[in-house]
Every structure is written in structure tokens, then in C-alpha cells.
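See below for upload_19.txt, which holds compact mmCIF, C-alpha atoms and all ligand atoms.
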```
# COMPACT_ATOMS: atom_id res chain seq x y z
CA MET A 1219 -16.08 -11.36 5.60
CA MET A 1220 -17.63 -12.80 8.79
CA ARG A 1221 -17.30 -16.37 7.47
CA ASP A 1222 -13.65 -15.62 6.68
CA ILE A 1223 -13.15 -14.32 10.21
CA LEU A 1224 -14.65 -17.44 11.77
CA ASP A 1225 -12.36 -19.47 9.54
CA VAL A 1226 -9.25 -17.47 10.36
CA ARG A 1227 -9.99 -17.74 14.11
CA LYS A 1228 -9.05 -21.41 13.86
CA LYS A 1229 -5.47 -20.19 13.50
CA PHE A 1230 -5.78 -18.41 16.86
CA PRO A 1231 -6.15 -21.00 19.64
CA VAL A 1232 -6.51 -18.20 22.21
CA THR A 1233 -10.03 -17.57 20.84
CA GLN A 1234 -11.18 -20.95 22.17
CA HIS A 1235 -10.92 -19.86 25.79
CA LYS A 1236 -10.30 -16.11 26.00
CA THR A 1237 -11.57 -12.81 24.70
CA PHE A 1238 -8.21 -11.25 23.98
CA LEU A 1239 -8.49 -7.49 23.43
CA ASN A 1240 -4.98 -6.41 24.37
CA HIS A 1241 -2.92 -6.35 21.15
CA SER A 1242 -1.38 -3.04 22.22
CA ALA A 1243 0.50 -4.98 24.92
CA TYR A 1244 1.78 -8.51 24.28
CA SER A 1245 -0.20 -10.68 21.86
CA PRO A 1246 -0.88 -14.42 21.77
CA LEU A 1247 0.89 -16.28 18.96
CA PRO A 1248 -1.14 -17.67 16.05
CA GLN A 1249 -0.81 -21.44 15.54
CA PRO A 1250 1.15 -21.22 12.23
CA VAL A 1251 3.75 -19.06 13.99
CA VAL A 1252 4.11 -21.60 16.80
CA ASP A 1253 4.33 -24.43 14.25
CA VAL A 1254 7.23 -22.90 12.36
CA MET A 1255 9.09 -22.07 15.58
CA LYS A 1256 8.58 -25.64 16.84
CA LYS A 1257 9.88 -27.05 13.58
CA TYR A 1258 12.91 -24.76 13.66
CA ASN A 1259 13.77 -25.94 17.18
CA GLU A 1260 13.26 -29.60 16.21
CA ASP A 1261 15.50 -29.18 13.15
CA LEU A 1262 18.10 -27.53 15.33
CA CYS A 1263 17.81 -30.23 17.95
CA HIS A 1264 18.87 -32.81 15.34
CA PHE A 1265 21.07 -30.36 13.48
CA ASP A 1266 18.98 -31.12 10.46
CA ILE A 1267 18.58 -27.54 9.56
CA ASP A 1268 18.17 -26.29 6.02
CA GLU A 1269 18.66 -22.57 6.44
CA SER A 1270 17.16 -21.81 3.05
CA GLU A 1271 13.85 -23.06 4.45
CA TYR A 1272 13.73 -20.23 6.99
CA SER A 1273 13.63 -16.48 6.59
CA LEU A 1274 14.48 -13.92 9.24
CA GLY A 1275 11.76 -11.74 7.80
CA GLN A 1276 13.63 -8.83 6.21
CA GLU A 1277 11.78 -9.36 2.88
CA VAL A 1278 8.30 -9.57 4.40
CA PHE A 1279 8.96 -6.63 6.70
CA ALA A 1280 10.18 -4.61 3.73
CA ARG A 1281 6.99 -5.52 1.86
CA LEU A 1282 4.88 -4.61 4.88
CA VAL A 1283 6.28 -1.05 5.04
CA GLY A 1284 6.88 -0.47 1.31
CA ALA A 1285 10.68 -0.56 1.58
CA GLU A 1286 13.51 -2.62 0.06
CA LYS A 1287 15.18 -5.50 1.88
CA ASP A 1288 18.50 -3.63 1.99
CA GLU A 1289 16.85 -0.88 3.99
CA ILE A 1290 15.97 -3.24 6.84
CA ALA A 1291 18.17 -4.10 9.84
CA LEU A 1292 17.37 -6.73 12.45
CA VAL A 1293 17.10 -5.26 15.94
CA GLN A 1294 16.05 -6.76 19.24
CA ASN A 1295 13.18 -4.39 19.86
CA THR A 1296 11.78 -0.91 19.19
CA SER A 1297 13.79 0.68 21.99
CA THR A 1298 17.03 -0.57 20.40
CA GLY A 1299 16.00 0.80 17.00
CA LEU A 1300 15.19 4.19 18.50
CA ASN A 1301 18.49 4.28 20.41
CA ILE A 1302 20.45 3.51 17.26
CA VAL A 1303 18.84 6.47 15.49
CA ALA A 1304 19.34 8.87 18.42
CA ASN A 1305 23.00 7.90 18.57
CA ILE A 1306 23.83 8.27 14.87
CA LEU A 1307 22.28 11.66 14.22
CA ASP A 1308 24.50 14.66 14.61
CA CYS A 1309 23.14 16.92 17.36
CA PRO A 1310 25.14 20.17 17.29
CA LYS A 1311 25.03 22.60 20.21
CA GLY A 1312 21.67 24.37 20.32
CA SER A 1313 19.82 21.68 18.35
CA ASN A 1314 16.45 20.25 19.32
CA VAL A 1315 14.22 17.21 18.82
CA VAL A 1316 10.48 17.65 18.51
CA THR A 1317 8.23 15.05 20.10
CA THR A 1318 4.81 15.04 21.79
CA ASP A 1319 3.23 14.59 25.20
CA LEU A 1320 1.55 11.35 24.05
CA GLU A 1321 4.74 9.32 23.73
CA TYR A 1322 5.83 6.04 25.23
CA PRO A 1323 9.05 6.58 27.28
CA SER A 1324 11.24 4.71 24.77
CA VAL A 1325 10.54 7.36 22.12
CA VAL A 1326 11.82 10.14 24.37
CA TYR A 1327 14.48 8.64 26.68
CA PRO A 1328 17.20 8.08 24.04
CA TRP A 1329 17.27 11.85 23.38
CA LEU A 1330 17.56 12.67 27.08
CA LYS A 1331 21.08 11.25 27.24
CA THR A 1332 23.08 14.18 28.62
CA LYS A 1333 25.92 13.53 26.17
CA LEU A 1334 23.63 14.41 23.26
CA GLY A 1335 22.88 17.80 24.82
CA VAL A 1336 19.78 18.18 22.70
CA GLU A 1337 16.71 20.19 23.71
CA LEU A 1338 13.48 18.20 23.72
CA ARG A 1339 10.34 20.02 22.61
CA TYR A 1340 7.04 18.42 23.59
CA VAL A 1341 4.07 19.33 21.44
CA LYS A 1342 0.99 19.23 23.68
CA ASN A 1343 -2.08 17.29 22.60
CA ALA A 1344 -5.37 19.05 22.03
CA ASN A 1345 -8.16 16.79 23.28
CA GLY A 1346 -6.10 13.71 22.56
CA SER A 1347 -4.87 14.74 19.09
CA ILE A 1348 -1.56 16.25 18.03
CA LEU A 1349 -2.25 19.03 15.55
CA VAL A 1350 0.02 19.31 12.52
CA GLU A 1351 0.13 23.10 12.92
CA ASP A 1352 1.41 22.73 16.50
CA VAL A 1353 4.22 20.48 15.27
CA GLU A 1354 4.99 23.02 12.56
CA GLN A 1355 5.30 25.74 15.21
CA ALA A 1356 7.72 23.67 17.30
CA VAL A 1357 10.10 22.78 14.45
CA ASP A 1358 12.83 25.18 13.32
CA ASP A 1359 16.15 25.03 11.48
CA GLN A 1360 17.86 23.70 14.62
CA THR A 1361 15.56 20.67 14.71
CA VAL A 1362 17.45 17.42 14.20
CA ALA A 1363 14.43 15.12 14.20
CA ILE A 1364 10.72 14.81 14.75
CA ALA A 1365 10.49 11.65 16.88
CA ILE A 1366 7.03 10.20 17.42
CA SER A 1367 5.07 6.97 17.61
CA HIS A 1368 2.83 6.56 14.59
CA VAL A 1369 0.07 5.49 16.96
CA ALA A 1370 0.05 6.73 20.56
CA TYR A 1371 0.16 3.91 23.09
CA VAL A 1372 -2.59 5.10 25.46
CA ASN A 1373 -5.33 6.72 23.40
CA GLY A 1374 -4.47 5.35 19.93
CA PHE A 1375 -4.14 8.75 18.21
CA ARG A 1376 -2.65 8.24 14.74
CA HIS A 1377 -0.31 10.78 13.12
CA ASP A 1378 -0.34 11.77 9.46
CA LEU A 1379 3.25 10.69 8.70
CA LYS A 1380 3.41 12.45 5.35
CA ALA A 1381 2.52 15.80 6.89
CA LEU A 1382 5.19 15.35 9.57
CA ALA A 1383 7.81 14.30 7.00
CA GLU A 1384 7.12 17.44 4.99
CA ILE A 1385 7.62 19.66 8.03
CA ALA A 1386 10.82 17.82 9.05
CA HIS A 1387 12.34 17.93 5.58
CA GLU A 1388 11.55 21.60 5.05
CA HIS A 1389 13.90 22.26 7.98
CA GLY A 1390 16.55 19.67 7.12
CA ALA A 1391 15.39 17.38 9.95
CA TYR A 1392 14.59 13.66 9.91
CA LEU A 1393 11.32 11.89 10.68
CA VAL A 1394 11.87 9.06 13.20
CA VAL A 1395 8.87 6.76 13.68
CA ASP A 1396 8.13 4.19 16.36
CA ALA A 1397 5.60 1.98 14.57
CA ILE A 1398 5.03 -0.70 17.20
CA GLN A 1399 1.41 0.36 17.77
CA SER A 1400 0.52 0.61 14.09
CA LEU A 1401 2.34 -2.07 12.07
CA GLY A 1402 0.10 -5.07 11.52
CA ALA A 1403 -3.04 -3.01 12.14
CA ILE A 1404 -2.64 0.07 9.93
CA PRO A 1405 -1.05 0.26 6.45
CA VAL A 1406 2.34 1.98 6.37
CA ASP A 1407 4.22 3.06 3.25
CA VAL A 1408 7.57 4.63 4.08
CA ARG A 1409 8.18 5.64 0.46
CA LYS A 1410 4.82 7.35 0.00
CA ASP A 1411 5.03 9.06 3.39
CA ASP A 1412 8.71 9.95 3.01
CA VAL A 1413 9.77 8.43 6.35
CA ASP A 1414 13.50 8.43 7.17
CA PHE A 1415 13.71 5.93 10.04
CA LEU A 1416 11.07 3.52 11.34
CA THR A 1417 11.31 0.75 13.89
CA ALA A 1418 9.06 -1.79 15.61
CA SER A 1419 9.07 -5.01 17.60
CA CYS A 1420 6.82 -7.84 16.47
CA TYR A 1421 5.11 -8.91 19.70
CA LYS A 1422 2.06 -6.61 19.52
CA TRP A 1423 -0.03 -6.09 16.35
CA LEU A 1424 2.42 -8.10 14.23
CA LEU A 1425 1.53 -11.20 16.28
CA GLY A 1426 5.10 -12.46 16.50
CA PRO A 1427 7.33 -13.40 19.43
CA ALA A 1428 9.34 -10.94 21.52
CA GLY A 1429 13.03 -10.55 20.70
CA ALA A 1430 12.47 -9.74 17.03
CA GLY A 1431 12.30 -6.19 15.72
CA TYR A 1432 13.25 -4.34 12.55
CA LEU A 1433 14.74 -0.95 11.80
CA TYR A 1434 14.06 0.70 8.43
CA VAL A 1435 16.67 3.22 7.29
CA ARG A 1436 15.93 5.07 4.05
CA LYS A 1437 18.49 3.85 1.51
CA GLU A 1438 19.92 7.28 0.76
CA LEU A 1439 20.77 7.59 4.47
CA VAL A 1440 22.35 4.20 5.16
CA GLU A 1441 25.90 5.08 4.20
CA ARG A 1442 25.69 8.54 5.72
CA PHE A 1443 25.92 7.16 9.26
CA GLU A 1444 28.42 5.09 11.19
CA PRO A 1445 26.68 2.65 13.55
CA PRO A 1446 26.94 3.31 17.30
CA PHE A 1447 27.94 -0.34 17.91
CA ILE A 1448 29.96 -2.41 15.48
CA GLY A 1449 30.45 -6.17 15.25
CA TRP A 1450 30.77 -8.96 12.72
CA ALA A 1451 27.21 -8.43 11.47
CA SER A 1452 27.96 -4.79 10.56
CA VAL A 1453 30.37 -5.63 7.76
CA GLU A 1454 30.06 -6.99 4.22
CA PRO A 1455 29.63 -10.80 4.34
CA GLU A 1456 32.47 -11.20 1.78
CA VAL A 1457 34.86 -10.24 4.55
CA PHE A 1458 34.48 -13.80 5.82
CA GLU A 1459 34.57 -15.53 2.48
CA THR A 1460 38.18 -15.30 1.37
CA ILE A 1461 41.42 -14.88 3.16
CA GLU A 1462 42.25 -11.81 1.03
CA PHE A 1463 39.14 -10.06 2.23
CA TRP A 1464 39.76 -10.99 5.84
CA ASP A 1465 41.21 -7.73 6.89
CA ILE A 1466 40.42 -7.12 10.52
CA TRP A 1467 42.47 -3.92 10.52
CA ARG A 1468 40.17 -2.26 8.03
CA LEU A 1469 36.49 -1.70 8.68
CA GLN A 1470 34.32 -2.40 5.62
CA LEU A 1471 30.85 -1.50 6.86
CA SER A 1472 28.00 -3.02 4.91
CA ASN A 1473 26.41 -0.63 2.44
CA THR A 1474 22.98 -1.91 3.44
CA ALA A 1475 21.03 -1.29 6.65
CA SER A 1476 22.63 -4.44 8.07
CA ARG A 1477 25.55 -2.16 9.06
CA PHE A 1478 23.39 -1.32 12.09
CA GLU A 1479 23.38 -4.97 13.20
CA ILE A 1480 26.09 -6.14 15.57
CA GLY A 1481 26.10 -9.89 16.13
CA SER A 1482 23.88 -12.98 16.13
CA PRO A 1483 20.18 -12.24 16.40
CA SER A 1484 17.65 -14.44 18.20
CA PHE A 1485 17.10 -16.64 15.13
CA ILE A 1486 14.08 -18.43 16.58
CA SER A 1487 12.30 -15.10 17.24
CA PHE A 1488 12.90 -13.85 13.71
CA VAL A 1489 11.74 -17.15 12.21
CA GLY A 1490 8.47 -16.68 14.13
CA ALA A 1491 8.26 -13.00 13.18
CA ALA A 1492 8.64 -13.80 9.48
CA ALA A 1493 5.76 -16.31 9.65
CA ALA A 1494 3.58 -13.85 11.57
CA ILE A 1495 4.12 -11.01 9.10
CA GLN A 1496 3.44 -13.39 6.20
CA LEU A 1497 0.15 -14.41 7.81
CA LEU A 1498 -0.90 -10.75 8.07
CA LEU A 1499 0.16 -9.99 4.50
CA ASP A 1500 -1.91 -12.97 3.33
CA VAL A 1501 -5.00 -11.53 5.01
CA GLY A 1502 -4.11 -8.08 3.61
CA ILE A 1503 -3.32 -5.04 5.77
CA ASP A 1504 -6.10 -2.99 4.15
CA ASN A 1505 -8.62 -5.70 5.08
CA ILE A 1506 -7.20 -5.84 8.59
CA GLN A 1507 -7.46 -2.08 9.05
CA LYS A 1508 -11.06 -2.06 7.77
CA ARG A 1509 -12.03 -4.77 10.21
CA ILE A 1510 -10.24 -3.12 13.16
CA LEU A 1511 -11.89 0.24 12.47
CA ILE A 1512 -15.32 -1.44 12.39
CA LEU A 1513 -14.68 -3.13 15.75
CA THR A 1514 -13.25 -0.01 17.39
CA LYS A 1515 -16.15 2.12 16.10
CA LEU A 1516 -18.64 -0.34 17.61
CA LEU A 1517 -16.69 -0.27 20.86
CA MET A 1518 -16.62 3.53 20.95
CA ASP A 1519 -20.37 3.73 20.35
CA LEU A 1520 -21.05 1.27 23.17
CA VAL A 1521 -18.67 3.06 25.54
CA LYS A 1522 -20.43 6.36 24.84
CA ARG A 1523 -23.78 4.71 25.44
CA LEU A 1524 -22.51 3.73 28.91
CA GLY A 1525 -21.87 7.45 29.52
CA LEU A 1526 -18.08 7.00 29.77
CA SER A 1527 -15.54 9.51 28.43
CA LEU A 1528 -13.39 8.48 25.49
CA THR A 1529 -9.86 9.89 25.25
CA THR A 1530 -9.49 8.39 21.76
CA PRO A 1531 -10.13 10.83 18.89
CA GLU A 1532 -13.25 9.93 16.89
CA ASP A 1533 -12.01 10.97 13.44
CA SER A 1534 -11.34 7.72 11.53
CA GLU A 1535 -8.17 9.19 9.99
CA GLN A 1536 -6.77 9.66 13.49
CA ARG A 1537 -7.94 6.34 14.90
CA SER A 1538 -6.18 2.98 15.12
CA GLY A 1539 -6.65 -0.32 16.92
CA ILE A 1540 -6.60 1.29 20.36
CA VAL A 1541 -9.62 2.64 22.24
CA HIS A 1542 -9.16 4.25 25.64
CA PHE A 1543 -11.79 5.60 28.01
CA LEU A 1544 -11.81 6.91 31.56
CA ILE A 1545 -13.38 4.78 34.24
CA ASP A 1546 -13.05 4.50 38.01
CA ARG A 1547 -11.31 1.48 39.60
CA ALA A 1548 -9.66 0.70 36.25
CA LEU A 1549 -6.99 -1.65 37.63
CA GLU A 1550 -9.48 -3.57 39.74
CA ARG A 1551 -11.85 -3.86 36.78
CA ALA A 1552 -9.09 -5.07 34.44
CA LYS A 1553 -8.17 -7.76 36.99
CA LYS A 1554 -11.82 -8.83 37.34
CA LEU A 1555 -12.24 -8.98 33.57
CA ARG A 1556 -9.10 -11.11 33.30
CA LYS A 1557 -10.63 -13.60 35.76
CA GLN A 1558 -13.57 -13.84 33.35
CA GLY A 1559 -11.19 -14.47 30.47
CA ILE A 1560 -11.37 -10.96 28.99
CA ILE A 1561 -7.92 -9.44 28.54
CA VAL A 1562 -7.56 -5.65 28.47
CA SER A 1563 -5.13 -3.11 30.04
CA ALA A 1564 -5.64 -0.52 32.76
CA ARG A 1565 -3.89 2.69 31.63
CA SER A 1566 -4.05 6.39 32.60
CA ASN A 1567 -7.16 6.25 34.84
CA GLY A 1568 -9.03 4.16 32.36
CA LEU A 1569 -9.15 1.01 30.27
CA ARG A 1570 -7.35 0.48 26.99
CA ILE A 1571 -8.99 -1.96 24.60
CA ALA A 1572 -7.17 -3.18 21.50
CA PRO A 1573 -8.97 -5.65 19.23
CA HIS A 1574 -7.30 -7.21 16.17
CA PHE A 1575 -8.97 -8.26 12.93
CA TYR A 1576 -9.78 -11.75 14.21
CA ASN A 1577 -11.87 -10.49 17.13
CA THR A 1578 -15.63 -10.41 16.73
CA GLU A 1579 -18.49 -8.02 17.42
CA ASP A 1580 -19.76 -10.58 19.97
CA GLU A 1581 -16.52 -10.28 21.91
CA ILE A 1582 -16.81 -6.49 22.01
CA GLU A 1583 -20.41 -6.80 23.26
CA ARG A 1584 -19.34 -9.34 25.86
CA LEU A 1585 -16.72 -6.92 27.19
CA ILE A 1586 -19.31 -4.16 27.52
CA GLN A 1587 -21.77 -6.48 29.30
CA GLU A 1588 -19.13 -7.60 31.77
CA LEU A 1589 -18.06 -4.01 32.31
CA GLU A 1590 -21.62 -3.03 33.16
CA ALA A 1591 -21.71 -5.85 35.67
CA THR A 1592 -18.37 -5.01 37.40
C1 LIG A 1601 4.71 3.21 21.47
C2 LIG A 1601 5.58 2.17 22.09
N1 LIG A 1601 6.90 2.17 21.83
C3 LIG A 1601 7.72 1.24 22.35
C4 LIG A 1601 7.23 0.24 23.18
C5 LIG A 1601 8.19 -0.77 23.73
O1 LIG A 1601 8.82 -1.37 22.67
P1 LIG A 1601 9.98 -2.47 22.78
O2 LIG A 1601 9.62 -3.39 23.89
O3 LIG A 1601 9.93 -3.11 21.45
O4 LIG A 1601 11.24 -1.75 23.00
C6 LIG A 1601 5.88 0.19 23.48
C7 LIG A 1601 5.35 -0.87 24.35
O5 LIG A 1601 4.29 -0.78 24.91
C8 LIG A 1601 5.04 1.17 22.91
O6 LIG A 1601 3.71 1.17 23.15
```
How does this structure look as C-alpha cells?
Ligand SMILES: Cc1ncc(COP(=O)(O)O)c(C=O)c1O
Amino acid sequence: MMRDILDVRKKFPVTQHKTFLNHSAYSPLPQPVVDVMKKYNEDLCHFDIDESEYSLGQEVFARLVGAEKDEIALVQNTSTGLNIVANILDCPKGSNVVTTDLEYPSVVYPWLKTKLGVELRYVKNANGSILVEDVEQAVDDQTVAIAISHVAYVNGFRHDLKALAEIAHEHGAYLVVDAIQSLGAIPVDVRKDDVDFLTASCYKWLLGPAGAGYLYVRKELVERFEPPFIGWASVEPEVFETIEFWDIWRLQLSNTASRFEIGSPSFISFVGAAAAIQLLLDVGIDNIQKRILILTKLLMDLVKRLGLSLTTPEDSEQRSGIVHFLIDRALERAKKLRKQGIIVSARSNGLRIAPHFYNTEDEIERLIQELEAT
């Protein structure tokens, strides 16, 4: 495995001059992703473009999450995907949405729109974990959705999606998942876990550019909902093919998830995203997860040895690529580390470290040494 890692690092030019441990924020692009984006721009520059040569990634994203291509819509980012879902679900008077106190704002804000008039219920974490029984207690027959991030953005706690889906469905509610902190690091299977909606951008663990995101809508649900915004991309492509079909007075929404698209996407971003997801699928998400859990376990052991407090749960079923621990002068330390070429984030009175599969044990040890010295 180690020889493979050293080999794969050649595809990551950042490794030549930095110890990048911040994949929970904004990740450096792998060389093959840059190459395909460069070629796309060159082809476009000369208008020598063969569109069949490029994919916008719906197929690879579908493969990544265990869905079908027709269940995938292109969106600009996770926040857009989450807003689409919050705006299509029916929220009758007295209804509620269950979320947690570990969420990134984008998971919660769309439901706070006063027009929705929905009550938000925040399940409180217990020592950094959200307990399934606490979610169960919060959900009732007035619950419209359980809306959570698969992996929490500060401490890396990972939900059991299947357990949450069961609770939601027992009460006629939907499971809405923000997967930006898990996809690319942790295997996801929407079919197995019975997820209704899932969305993510590609610029973190998926190692793609910003501006490209995907929204999965379970196929049985696609035609149940009218999109909140409608444009040319929301309708069946045949509408444009013959004059008879060209009926702008009649809306023929696509019967695939593309009905939630509006207009032209950022093609260049999706071309890069498709290449990035393909690269990860070639390595294998199970292999990636194994490697990430080895690196994060090593990191957690070393952090404990320094006498620092972890906020990340230690159970490997609840862990992910993110490790967070409390430390004084976190912002100052993160800045100092950056000057030494070690990239991490200061978050919630501590440091958040997020290695990907191509990082090494040496890099983790280097971080700890530098931390001891700061
Ligand atoms: C859990 C979570 N959701 C959403 C976002 C933001 O996503 P986007 O920029 O794709 O809207 C972040 C970014 O840090 C995040 O950690």
C-alpha cells in the first residue's frame, strides 16, 4: 500500500512543497484534474471541442453514491442543493424539521426562511456524538425531514444514515443529507441506506474545483416535486429538437432529476469534477477510507500523547477524515504552521486536521512535531 501511496502522490503536485491536511476546507487539485480542465479550455479556445470527449460527471457521481444517472442533478454547490430540497418539501402549519447542534449553517439556514414557518428541532450532541435514540425522540408525525450532514464539519462525527432513514420513514419524513464532508473519503450507498436527498460540492474530499456540485433525488420522488426555479434545463431535451415539441406555453418538466437544474452550468468545473471523481473511484473508496482511518487514528493517538483534548469521537464507526482537538492560541498556531508549509484549520477553540488517502504517516508526525514547537 505504501508504495502505491508514494506512486499516487506524483499526481498531487502539492505534496512536493506542502503538508496539506485541510481537505475539510478547500483542497488542492490533482494533476490529472488540472490537465483535463486545461485541455477543455484549449479546445474551447479554438472551438475544437468534441463534447462526447467530456463528461459533466453525472455517471461517476451516481456510481460514487450507488444511484442511477437519472437521479442526479447538477447544482452549483451544497448550499444550492439543500435550498432546493427545503423549498420543494411541503411544510404544513405545525410541522418541524429535525437537525442537530453539530451542523454547518447551510444545513440549517434554508429551513429558517420565515415563509416556510417550520419549527427547527436541534438534537444536542453527547460528547461530540449524536445519539440515534435522541433523534428518535425528536422526530414525530409532524416531522417533514431529518436534515443533517453525514459528517459534522468541526469534529468529524459520522452519522449512521440507515438508522436515521428508518426513523424518518417511520414517520413519513424524508432524510436530507449534506455529504460534502464524507463523499470521497467515506463510502456512501444511498440505496442501501435508503437516503431520499443527498447533495455535495466537489471542492473538498472529492478533490475537484469549486462551482460543481450534485444533488441526488431518489427516483420515486423526482416527479413528486415541482422545482423551485425553472429554466430551459428543467425540461425534456426533446422540447428543443422539433418545432412540434417547441411549446413554450406548456411546461414539460423532465422526468429525471435534471428538472431541478435551471440553466447552463459551469461546464469547466464539472469537467474537472468528473475527472476527480473518476480518480477516486480508480483508487477505490473502500481503500481510501481504510487509509484515512489509519492516518486519523495515528493522529488521535499522538494528540492524546500531547495531553490535548479530542472533540472527535473515537469509535471508528463514528469517525471520518476529520480530527479536531482543543488547543490554546489555535488561530495563531494555524497561521504559524501555514508559514512552515503545513495547512490545517483553526475551528471552535482548536485545530481541525483533515488528511486524505495520499497523505503519509510522516506528514502526520511532522505536524505533531511542529505543534510541540509552536
Ligand atoms: C457540512 C458543510 N456543508 C456545507 C458546506 C458549504 O458547502 P457549499 O460551499 O458547497 O455550499 C461546508 C463547507 O465547509 C460544510 O462543511
* Would you mind listing what lies within 8 Å of Leu1338 of chain A as a ChimeraX atom specification, with all atoms listed in the file counted and same-chain residues fewer than 5 positions away left out? => /A:1314-1317,1329-1330
Give me, as a tab-separated table, the closest atom pair and its distance (Å, one decimal) for every residue of chain A within a cut-off of 9 Å of ligand LIG 1601 (chain A), counting only C-alpha atoms and all ligand atoms, rows sorted by chain and rising number.
```
residue	atom	partner	partner_atom	distance
A:Ser1242	CA	A:LIG1601	O5	6.7
A:Ala1243	CA	A:LIG1601	O5	5.7
A:Tyr1244	CA	A:LIG1601	O5	8.2
A:Gln1294	CA	A:LIG1601	O3	7.5
A:Asn1295	CA	A:LIG1601	O3	3.8
A:Thr1296	CA	A:LIG1601	O3	3.7
A:Ser1297	CA	A:LIG1601	O4	3.7
A:Thr1298	CA	A:LIG1601	O4	6.5
A:Gly1299	CA	A:LIG1601	O4	8.1
A:Leu1300	CA	A:LIG1601	O4	8.4
A:Glu1321	CA	A:LIG1601	C1	6.5
A:Tyr1322	CA	A:LIG1601	C1	4.8
A:Pro1323	CA	A:LIG1601	N1	7.3
A:Ser1324	CA	A:LIG1601	C3	5.5
A:Val1325	CA	A:LIG1601	N1	6.3
A:Ile1366	CA	A:LIG1601	C1	8.4
A:Ser1367	CA	A:LIG1601	C1	5.4
A:His1368	CA	A:LIG1601	C1	7.9
A:Val1369	CA	A:LIG1601	C1	6.9
A:Ala1370	CA	A:LIG1601	C1	5.9
A:Tyr1371	CA	A:LIG1601	O6	4.5
A:Val1372	CA	A:LIG1601	O6	7.8
A:Asp1396	CA	A:LIG1601	N1	6.0
A:Ala1397	CA	A:LIG1601	C1	7.1
A:Ile1398	CA	A:LIG1601	C2	5.7
A:Gln1399	CA	A:LIG1601	C1	5.7
A:Ser1400	CA	A:LIG1601	C1	8.9
A:Thr1417	CA	A:LIG1601	O3	8.6
A:Ala1418	CA	A:LIG1601	O3	6.1
A:Ser1419	CA	A:LIG1601	O3	4.4
A:Cys1420	CA	A:LIG1601	O3	7.5
A:Tyr1421	CA	A:LIG1601	O3	7.7
A:Lys1422	CA	A:LIG1601	C7	8.2
A:Ala1428	CA	A:LIG1601	O3	7.9
A:Gly1429	CA	A:LIG1601	O3	8.1
A:Ala1430	CA	A:LIG1601	O3	8.4
A:Gly1431	CA	A:LIG1601	O3	6.9
```
* Asked: Counting all atoms listed in the file, what is within 12 Å of Asp1519 of chain A, bar same-chain residues fewer than 5 positions away, as a list in words?
  ->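 Counting all atoms listed in the file, the residues come to Ile1512, Leu1513, Thr1514, Leu1524, Gly1525, Leu1526, Ser1527, Leu1528, Thr1530, Glu1532, Val1541, Phe1543, Ile1582, Glu1583 and Ile1586 of chain A.
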* To do: Please work out which residues fall within 8 Å of (10.0, -16.0, 15.6), coordinates as given in the file, with all atoms listed in the file counting, and return them as a ChimeraX atom specification.
  => /A:1251,1255,1426-1428,1430,1485-1494
* Find the residues near Lys1333 of chain A: any atom within 12 Å, counting all atoms listed in the file, skip ones fewer than 5 places away on the same chain, and give them as a PyMOL selection string. => chain A and resi 1304-1305+1308-1311+1328
Using 5 Å of padding on each side, determine the axis-aligned box around all atoms of segment 1331-1343 of chain A present in the file and give its centre and edge lengths in Å to one decimal, as lines of an AutoDock Vina configuration file.
```
center_x = 11.9
center_y = 15.7
center_z = 25.0
size_x = 38.0
size_y = 18.9
size_z = 17.2
```
* In Å, rounded to a single decimal, give me how far atom CA of Ile1506 of chain A is from atom CA of Lys1522 of chain A. =>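 The value is 24.2 Å.
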* To do: Pick out the residues sitting within 8 Å of Asn1240 of chain A, and hand them over as a list in words; count only C-alpha atoms, and ignore anything fewer than 6 positions along from it in its own chain.
  =>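 Counting only the stated atoms, we get Ile1561, Val1562, Ser1563, Arg1570, Ile1571, Ala1572 and Pro1573 of chain A.
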* How many Å separate atom CA of Asp1359 of chain A from atom CA of His1389 of chain A? ->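 For atom CA of Asp1359 of chain A relative to atom CA of His1389 of chain A, the distance reads 5.0 Å.
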* Pick the closest to His1241 of chain A from A:Arg1547, A:Lys1437, A:Leu1262, A:Gly1402: which is it, counting all atoms listed in the file? ->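 Closest to His1241 of chain A, using all atoms listed in the file: A:Gly1402.
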* Point-to-point distance from atom CA of Gln1496 of chain A to atom CA of Tyr1432 of chain A, Å rounded to tenths ->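 A separation of 14.8 Å between them.
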* To do: Have a look at A:His1542, A:Arg1477, A:Lys1331, A:His1264 and name the one nearest to Leu1569 of chain A; count all atoms listed in the file.
  =>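 For Leu1569 of chain A, the nearest of the candidates is A:His1542.
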* Structure fact -> Shortest contact to Ala1403 of chain A, candidates A:His1377, A:His1387, A:Lys1508, A:Arg1468, atoms counted only C-alpha atoms, goes to A:Lys1508
* Residue nearest Glu1438 of chain A among A:Glu1388, A:Glu1579, A:Asp1352, A:Asp1288 (counting all atoms listed in the file) ->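 Closest residue, counting all atoms listed in the file: A:Asp1288.
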* Asked: So which one's closest to Leu1516 of chain A, A:Asp1580, A:Glu1289, A:Asp1266, A:Asn1259? Using all atoms listed in the file, please.
  ->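 Smallest separation from Leu1516 of chain A among the options: A:Asp1580.
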* To do: Name the residues in contact with Leu1498 of chain A at a cut-off of 12 Å, using all atoms listed in the file, excluding same-chain residues fewer than 5 positions from it; report them as an MDAnalysis selection string.
  => chainID A and resid 1226 1229 1248 1250:1251 1278:1279 1281:1282 1401:1405 1420 1423:1426 1491:1493 1503:1507 1574:1576
* Which one of A:Lys1515, A:Arg1523, A:Lys1228, A:Lys1410 sits closest to Glu1384 of chain A if you count only C-alpha atoms? -> A:Lys1410
Please complete segment 1375-1384 of chain A so it has N, CA and C atoms, and hand it over as a short mmCIF file (atom, residue, chain, number, x, y, z; two decimals), in the frame of the given file.
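Produced file part.cif, reproduced below:
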```
data_model
loop_
_atom_site.label_atom_id
_atom_site.label_comp_id
_atom_site.auth_asym_id
_atom_site.auth_seq_id
_atom_site.Cartn_x
_atom_site.Cartn_y
_atom_site.Cartn_z
N PHE A 1375 -4.19 7.69 19.23
CA PHE A 1375 -4.14 8.75 18.21
C PHE A 1375 -3.13 8.38 17.13
N ARG A 1376 -3.53 8.57 15.86
CA ARG A 1376 -2.65 8.24 14.74
C ARG A 1376 -2.19 9.50 14.01
N HIS A 1377 -0.87 9.63 13.84
CA HIS A 1377 -0.31 10.78 13.12
C HIS A 1377 -0.47 10.61 11.62
N ASP A 1378 -0.45 11.74 10.91
CA ASP A 1378 -0.34 11.77 9.46
C ASP A 1378 1.17 11.86 9.17
N LEU A 1379 1.78 10.73 8.83
CA LEU A 1379 3.25 10.69 8.70
C LEU A 1379 3.74 11.60 7.58
N LYS A 1380 2.97 11.64 6.49
CA LYS A 1380 3.41 12.45 5.35
C LYS A 1380 3.51 13.94 5.73
N ALA A 1381 2.52 14.38 6.46
CA ALA A 1381 2.52 15.80 6.89
C ALA A 1381 3.73 16.07 7.78
N LEU A 1382 4.04 15.15 8.67
CA LEU A 1382 5.19 15.35 9.57
C LEU A 1382 6.50 15.31 8.80
N ALA A 1383 6.58 14.40 7.81
CA ALA A 1383 7.81 14.30 7.00
C ALA A 1383 8.04 15.61 6.25
N GLU A 1384 6.98 16.18 5.73
CA GLU A 1384 7.12 17.44 4.99
C GLU A 1384 7.68 18.54 5.88
#
```
